[in-house]
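Read the structure below first, then the notes.
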Amino acid sequence: MSLLEKYYRINQAAGISIHVHADGSLSVSLCAVTVANKQLEITKKVPEETSLDELKKHLPSKSFVALNLSGRGILNKKIEKTNEVNAGNFNLLLPNANPDDFYVQNFISGDKSFVSVIRRADAEKWISAITELGFVPLTLSLGPFPVQHIVSQLNIYEGEMVFNGNIILRDEQANWTDIRYDEAAKSPFALKVDIEGINEKLIIPYAAAFQLVLASKLDSIIAEVPALQTAFSQKLADNKLKAQGLIVLTVLFLLLLFNFALFSWLGSSNSALATQASLTAQSTTDIQSLTQQIKQKDSLVQVLGWEGGINKAALIDQAAALLPPELTWKEVAMNPIDLVTTRIQKSLAFYNRQIRISGNSEKIIPVNEWIARVKTKAWIKNIQLDSYTYNSELNTGQFTITITY
């Protein structure tokens, strides 16, 4: 499944943030992202427009959209933690209101729930507006809460987060304790996503797009909109069908190609086989024996992992010497096991000329710094960050890096 995951998910999406001011005016922001080769890249940044129609200049038709709404018409309320907002507890939010008239989003942080509600009619008005522009909305989120998924990427280390009018208070465990909106509130310093600078008006649309492309790995913070959930599920199902169809066609093509090559080879080798039939039995035995010896020696060399006399310990020492103090290594694997090939061949197979390193780092910035340092070594062919996840139980980030030499 992991090999096909990149074909099943949505690899290109745009986050569109619409903030409705008290006077009814709009602030519209757009951030588009692409996932390729296990890397997420920001491909389009539009910090502010005052009209939705302007988005057509920046985004191709039929683009997949993660829509975020904030401002007038949206109620954000903090209550004691609840796993589900239903008809029984909805009156705590809006007494005497009919829950069927609203879409609800429930963001749980620590022992609190931040519940956001919007009238269905208002939400569907914006969803229809995005659709009429030629885009394909797949999710709807409310308020700044999707930013929780990208906090570890931002250069914000204190309890308070301030960006584009949003003021978010957090406790020592990084749980959200309160939110406020002050249109005049701005970040006191330039914000970055990892090492890339980003306008603070793009934080929310980036977070919305981020959780859409990584929906299979995240607990998405979105409102429950049945029409969008159906469209999203249908898109994933279509992706799976196309990927599986492509695999079937590829296998059939390879079989036909193999048959063609086999018959061509058999036809052209008839004369060679007739000549070989005249060889003596002793010559045949000698050739077979020599071939068997060569195979045994070649297998022995591969098992021993001989790679032309490369000093592998020296390579590991050089990489370790460049470690920032914030990083710790947990495991180093030289020529790690290729699980897929091993499973197919039913015998051990390894990735040649690779070093796989896993370890811990509270933040991703030192990891990127170390990667940049190691890249300066002449023996490095490629180095990539396979994964970085934050383990809330251990209170640290865990990374996996692959080096090709």
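By order of appearance in the structure tokens: chains A, B, ..., then residues from 1 within every chain, and ligands from 1 in the order shown.
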Near stretch 130-151 of chain A, 7 Å: stretch 188-233 of chain A residue rows, closest pairs, only C-alpha atoms, as CSV:
```
residue,atom,partner,partner_atom,distance
A:Ile204,CA,A:Val147,CA,6.1
A:Ala207,CA,A:Val147,CA,5.2
A:Ala208,CA,A:Pro146,CA,6.0
A:Ile221,CA,A:Pro146,CA,5.6
A:Ile222,CA,A:Ser141,CA,4.3
A:Ala223,CA,A:Ser141,CA,5.4
A:Leu228,CA,A:Leu138,CA,5.1
A:Gln229,CA,A:Leu138,CA,6.9
A:Ala231,CA,A:Leu138,CA,6.2
A:Phe232,CA,A:Leu138,CA,5.2
```
Any chance you could export the current selection's N, CA, C and O atoms as a tab-separated table (two decimals), in the first residue's frame?
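Dumped everything to out.tsv:
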```
chain	number	residue	atom	x	y	z
A	204	ILE	N	-2.92	30.52	7.48
A	204	ILE	CA	-4.14	29.71	7.51
A	204	ILE	C	-4.38	28.98	6.19
A	204	ILE	O	-4.64	27.77	6.19
A	207	ALA	N	-2.04	26.08	6.01
A	207	ALA	CA	-2.44	24.99	6.92
A	207	ALA	C	-3.61	24.20	6.34
A	207	ALA	O	-3.66	22.97	6.45
A	208	ALA	N	-4.57	24.90	5.73
A	208	ALA	CA	-5.73	24.21	5.15
A	208	ALA	C	-5.31	23.30	4.00
A	208	ALA	O	-5.76	22.15	3.89
A	221	ILE	N	-8.81	18.94	10.86
A	221	ILE	CA	-9.65	19.86	11.62
A	221	ILE	C	-10.57	20.55	10.62
A	221	ILE	O	-10.21	21.57	10.03
A	222	ILE	N	-11.73	20.00	10.40
A	222	ILE	CA	-12.65	20.50	9.38
A	222	ILE	C	-14.08	20.41	9.90
A	222	ILE	O	-14.39	19.67	10.84
A	223	ALA	N	-14.95	21.20	9.26
A	223	ALA	CA	-16.37	21.12	9.56
A	223	ALA	C	-16.97	19.91	8.84
A	223	ALA	O	-16.50	19.51	7.78
A	228	LEU	N	-19.18	17.84	0.82
A	228	LEU	CA	-17.74	17.88	0.61
A	228	LEU	C	-17.08	16.56	0.99
A	228	LEU	O	-16.15	16.11	0.32
A	229	GLN	N	-17.56	15.93	2.07
A	229	GLN	CA	-17.00	14.65	2.46
A	229	GLN	C	-17.23	13.60	1.37
A	229	GLN	O	-16.35	12.78	1.09
A	231	ALA	N	-17.62	14.27	-1.89
A	231	ALA	CA	-16.76	14.62	-3.02
A	231	ALA	C	-15.32	14.21	-2.76
A	231	ALA	O	-14.63	13.71	-3.66
A	232	PHE	N	-14.86	14.40	-1.53
A	232	PHE	CA	-13.50	14.03	-1.18
A	232	PHE	C	-13.30	12.51	-1.27
A	232	PHE	O	-12.33	12.02	-1.86
```
- Message: Could you pull out the helix (DSSP H, G or I) residues of stretch 79-288 of chain A, going by DSSP on the backbone, and write them as an NGL selection string?
- Response: :A and (90-92 or 99-101 or 120-132 or 145-153 or 200-213 or 226-268 or 270-276 or 281-288)
- Query: Which neighbours of stretch 109-112 of chain A fall inside 9 Å, counting only C-alpha atoms, when residues of the same chain fewer than 3 positions from it are skipped, and could you give them as a list in words?
  - Reply: Lys78, Ile79, Glu80, Lys81, Thr82, Gln173, Ala174, Asn175, Trp176 and Thr177 of chain A
- Distance of atom CA of A:Thr34 from atom CA of A:Pro205, expressed in Å to one decimal place: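 For atom CA of A:Pro205 relative to atom CA of A:Thr34, the distance reads 13.7 Å.
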- Might you pull out every residue within 9 Å of A:Gly397, with only C-alpha atoms counted and same-chain residues fewer than 3 positions away left off, and present them as a list of chain:residue names? A:Ser152, A:Gly359, A:Asn360, A:Ser361, A:Glu362, A:Lys363, A:Ile364, A:Tyr388, A:Thr389, A:Tyr390, A:Asn391, A:Ser392, A:Leu394
- Task: Fewer than 3 positions away in the same chain doesn't count, so skip those; otherwise give me all residues within 9 Å of A:Gly24, counting only C-alpha atoms, as a list in words.
- Result: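 Those residues are Val20, His21 and Arg72 of chain A.
Nearest residue to A:Val374, choosing from A:Asn259, A:Ser387, A:Ser289, A:Thr404 and counting only C-alpha atoms: A:Thr404.
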Per DSSP on the backbone, filter stretch 340-404 of chain A down to the residues in strand (DSSP E) and report them as a compact mmCIF listing (two decimals) with N, CA, C and O atoms, in the first residue's frame.
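The result, stored in selection02.txt:
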```txt
# COMPACT_ATOMS: atom_id res chain seq x y z
N GLN A 354 23.59 2.97 0.63
CA GLN A 354 22.68 3.85 1.36
C GLN A 354 22.97 3.78 2.86
O GLN A 354 23.37 2.73 3.37
N ILE A 355 22.76 4.91 3.53
CA ILE A 355 22.83 4.97 4.99
C ILE A 355 21.50 5.55 5.46
O ILE A 355 21.11 6.62 5.03
N ARG A 356 20.82 4.81 6.34
CA ARG A 356 19.55 5.29 6.88
C ARG A 356 19.75 5.64 8.36
O ARG A 356 20.21 4.82 9.14
N ILE A 357 19.43 6.88 8.70
CA ILE A 357 19.66 7.38 10.04
C ILE A 357 18.34 7.85 10.63
O ILE A 357 17.59 8.60 9.99
N SER A 358 18.05 7.40 11.85
CA SER A 358 16.86 7.89 12.57
C SER A 358 17.30 8.45 13.91
O SER A 358 18.30 8.02 14.47
N GLY A 359 16.56 9.43 14.37
CA GLY A 359 16.93 10.06 15.64
C GLY A 359 15.86 11.00 16.11
O GLY A 359 14.73 11.01 15.62
N ASN A 360 16.25 11.84 17.06
CA ASN A 360 15.30 12.75 17.71
C ASN A 360 15.78 14.19 17.60
O ASN A 360 16.98 14.46 17.64
N SER A 361 14.81 15.09 17.47
CA SER A 361 15.09 16.53 17.49
C SER A 361 13.79 17.24 17.83
O SER A 361 12.75 16.95 17.25
N ASN A 382 23.14 11.95 -2.64
CA ASN A 382 21.80 12.50 -2.34
C ASN A 382 21.53 12.30 -0.86
O ASN A 382 22.00 11.34 -0.24
N ILE A 383 20.78 13.24 -0.29
CA ILE A 383 20.33 13.10 1.10
C ILE A 383 18.92 13.65 1.17
O ILE A 383 18.63 14.71 0.61
N GLN A 384 18.04 12.91 1.79
CA GLN A 384 16.65 13.36 1.85
C GLN A 384 16.04 13.01 3.21
O GLN A 384 16.40 12.02 3.84
N LEU A 385 15.13 13.90 3.63
CA LEU A 385 14.37 13.69 4.87
C LEU A 385 13.14 12.85 4.54
O LEU A 385 12.23 13.31 3.87
N ASP A 386 13.16 11.58 5.00
CA ASP A 386 12.04 10.69 4.71
C ASP A 386 10.81 11.02 5.54
O ASP A 386 9.68 10.97 5.06
N SER A 387 11.03 11.40 6.78
CA SER A 387 9.88 11.70 7.64
C SER A 387 10.34 12.52 8.82
O SER A 387 11.49 12.46 9.25
N TYR A 388 9.38 13.35 9.32
CA TYR A 388 9.58 14.05 10.58
C TYR A 388 8.22 14.16 11.26
O TYR A 388 7.30 14.74 10.72
N THR A 389 8.10 13.50 12.39
CA THR A 389 6.84 13.53 13.13
C THR A 389 7.11 13.92 14.57
O THR A 389 8.18 13.64 15.12
N TYR A 390 6.11 14.58 15.16
CA TYR A 390 6.26 15.01 16.55
C TYR A 390 5.55 14.01 17.45
O TYR A 390 4.37 13.73 17.27
N ASN A 391 6.31 13.43 18.38
CA ASN A 391 5.77 12.45 19.33
C ASN A 391 5.40 13.18 20.60
O ASN A 391 6.26 13.59 21.38
N THR A 396 9.11 15.18 21.75
CA THR A 396 10.21 15.47 20.83
C THR A 396 9.82 15.03 19.44
O THR A 396 8.87 14.27 19.27
N GLY A 397 10.54 15.52 18.46
CA GLY A 397 10.31 15.12 17.08
C GLY A 397 11.19 13.92 16.73
O GLY A 397 12.29 13.76 17.26
N GLN A 398 10.69 13.09 15.84
CA GLN A 398 11.43 11.92 15.39
C GLN A 398 11.60 11.99 13.89
O GLN A 398 10.62 12.21 13.18
N PHE A 399 12.85 11.83 13.43
CA PHE A 399 13.13 11.97 12.00
C PHE A 399 13.81 10.73 11.45
O PHE A 399 14.42 9.94 12.18
N THR A 400 13.67 10.55 10.14
CA THR A 400 14.38 9.49 9.41
C THR A 400 14.99 10.12 8.15
O THR A 400 14.28 10.79 7.39
N ILE A 401 16.27 9.92 7.95
CA ILE A 401 17.01 10.51 6.82
C ILE A 401 17.72 9.40 6.05
O ILE A 401 18.27 8.46 6.66
N THR A 402 17.69 9.46 4.73
CA THR A 402 18.40 8.50 3.88
C THR A 402 19.51 9.22 3.12
O THR A 402 19.27 10.24 2.46
N ILE A 403 20.72 8.68 3.20
CA ILE A 403 21.89 9.22 2.49
C ILE A 403 22.30 8.21 1.42
O ILE A 403 22.44 7.01 1.71
N THR A 404 22.46 8.65 0.20
CA THR A 404 22.99 7.83 -0.89
C THR A 404 24.42 8.29 -1.19
O THR A 404 24.65 9.47 -1.40
```
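Atom CA of A:Val104 to atom CA of A:Ile118 spans 6.8 Å [interatomic distance, one decimal].
The interatomic distance for the pair atom CA of A:Lys186 and atom CA of A:Ser116 works out to 22.9 Å.
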- Message: Can you pull out the residues contacting A:Ala184? Cut-off 12 Å, using only C-alpha atoms, and skip same-chain residues under 6 positions away; I want them as number ranges by chain.
- Response: A: 162-167
Generate the output file for the selected residues, N, CA, C and O atoms, as a tab-separated table (two decimals), in the first residue's frame.
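Output file result-v2.tsv follows:
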```tsv
chain	number	residue	atom	x	y	z
A	162	VAL	N	0.89	34.81	17.31
A	162	VAL	CA	0.19	35.97	16.76
A	162	VAL	C	0.46	36.02	15.26
A	162	VAL	O	1.62	36.04	14.83
A	163	PHE	N	-0.59	36.05	14.47
A	163	PHE	CA	-0.43	36.18	13.02
A	163	PHE	C	-1.75	36.69	12.43
A	163	PHE	O	-2.82	36.18	12.72
A	164	ASN	N	-1.64	37.73	11.64
A	164	ASN	CA	-2.76	38.25	10.85
A	164	ASN	C	-4.03	38.43	11.68
A	164	ASN	O	-5.12	38.03	11.29
A	165	GLY	N	-3.89	39.05	12.84
A	165	GLY	CA	-5.05	39.36	13.68
A	165	GLY	C	-5.44	38.26	14.64
A	165	GLY	O	-6.24	38.50	15.54
A	166	ASN	N	-4.89	37.07	14.48
A	166	ASN	CA	-5.23	35.96	15.37
A	166	ASN	C	-4.23	35.91	16.53
A	166	ASN	O	-3.03	35.92	16.32
A	167	ILE	N	-4.76	35.84	17.74
A	167	ILE	CA	-3.93	35.73	18.94
A	167	ILE	C	-4.31	34.42	19.62
A	167	ILE	O	-5.45	34.24	20.06
```
- Query: Neighbours of stretch 41-49 of chain A within 7 Å (only C-alpha atoms; same-chain residues fewer than 5 positions away dropped), as an MDAnalysis selection string?
  - Reply: chainID A and resid 27:35 54 199 201:202
Selected residues written out, C-alpha atoms, as a short mmCIF file (atom, residue, chain, number, x, y, z; two decimals), in the first residue's frame:
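The resulting file, part.cif, is reproduced below:
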```cif
data_model
loop_
_atom_site.label_atom_id
_atom_site.label_comp_id
_atom_site.auth_asym_id
_atom_site.auth_seq_id
_atom_site.Cartn_x
_atom_site.Cartn_y
_atom_site.Cartn_z
CA SER A 27 -9.80 39.53 2.69
CA VAL A 28 -8.96 36.57 0.47
CA SER A 29 -5.66 34.67 0.64
CA LEU A 30 -4.42 31.71 -1.38
CA CYS A 31 -1.59 29.24 -0.90
CA ALA A 32 -1.07 26.29 -3.26
CA VAL A 33 1.11 23.28 -2.42
CA THR A 34 2.43 20.24 -4.27
CA VAL A 35 3.73 16.93 -2.89
CA GLU A 54 -9.25 37.58 -8.74
CA ASN A 199 3.62 36.12 4.79
CA LYS A 201 -1.64 36.16 5.86
CA LEU A 202 -0.75 32.84 4.23
#
```
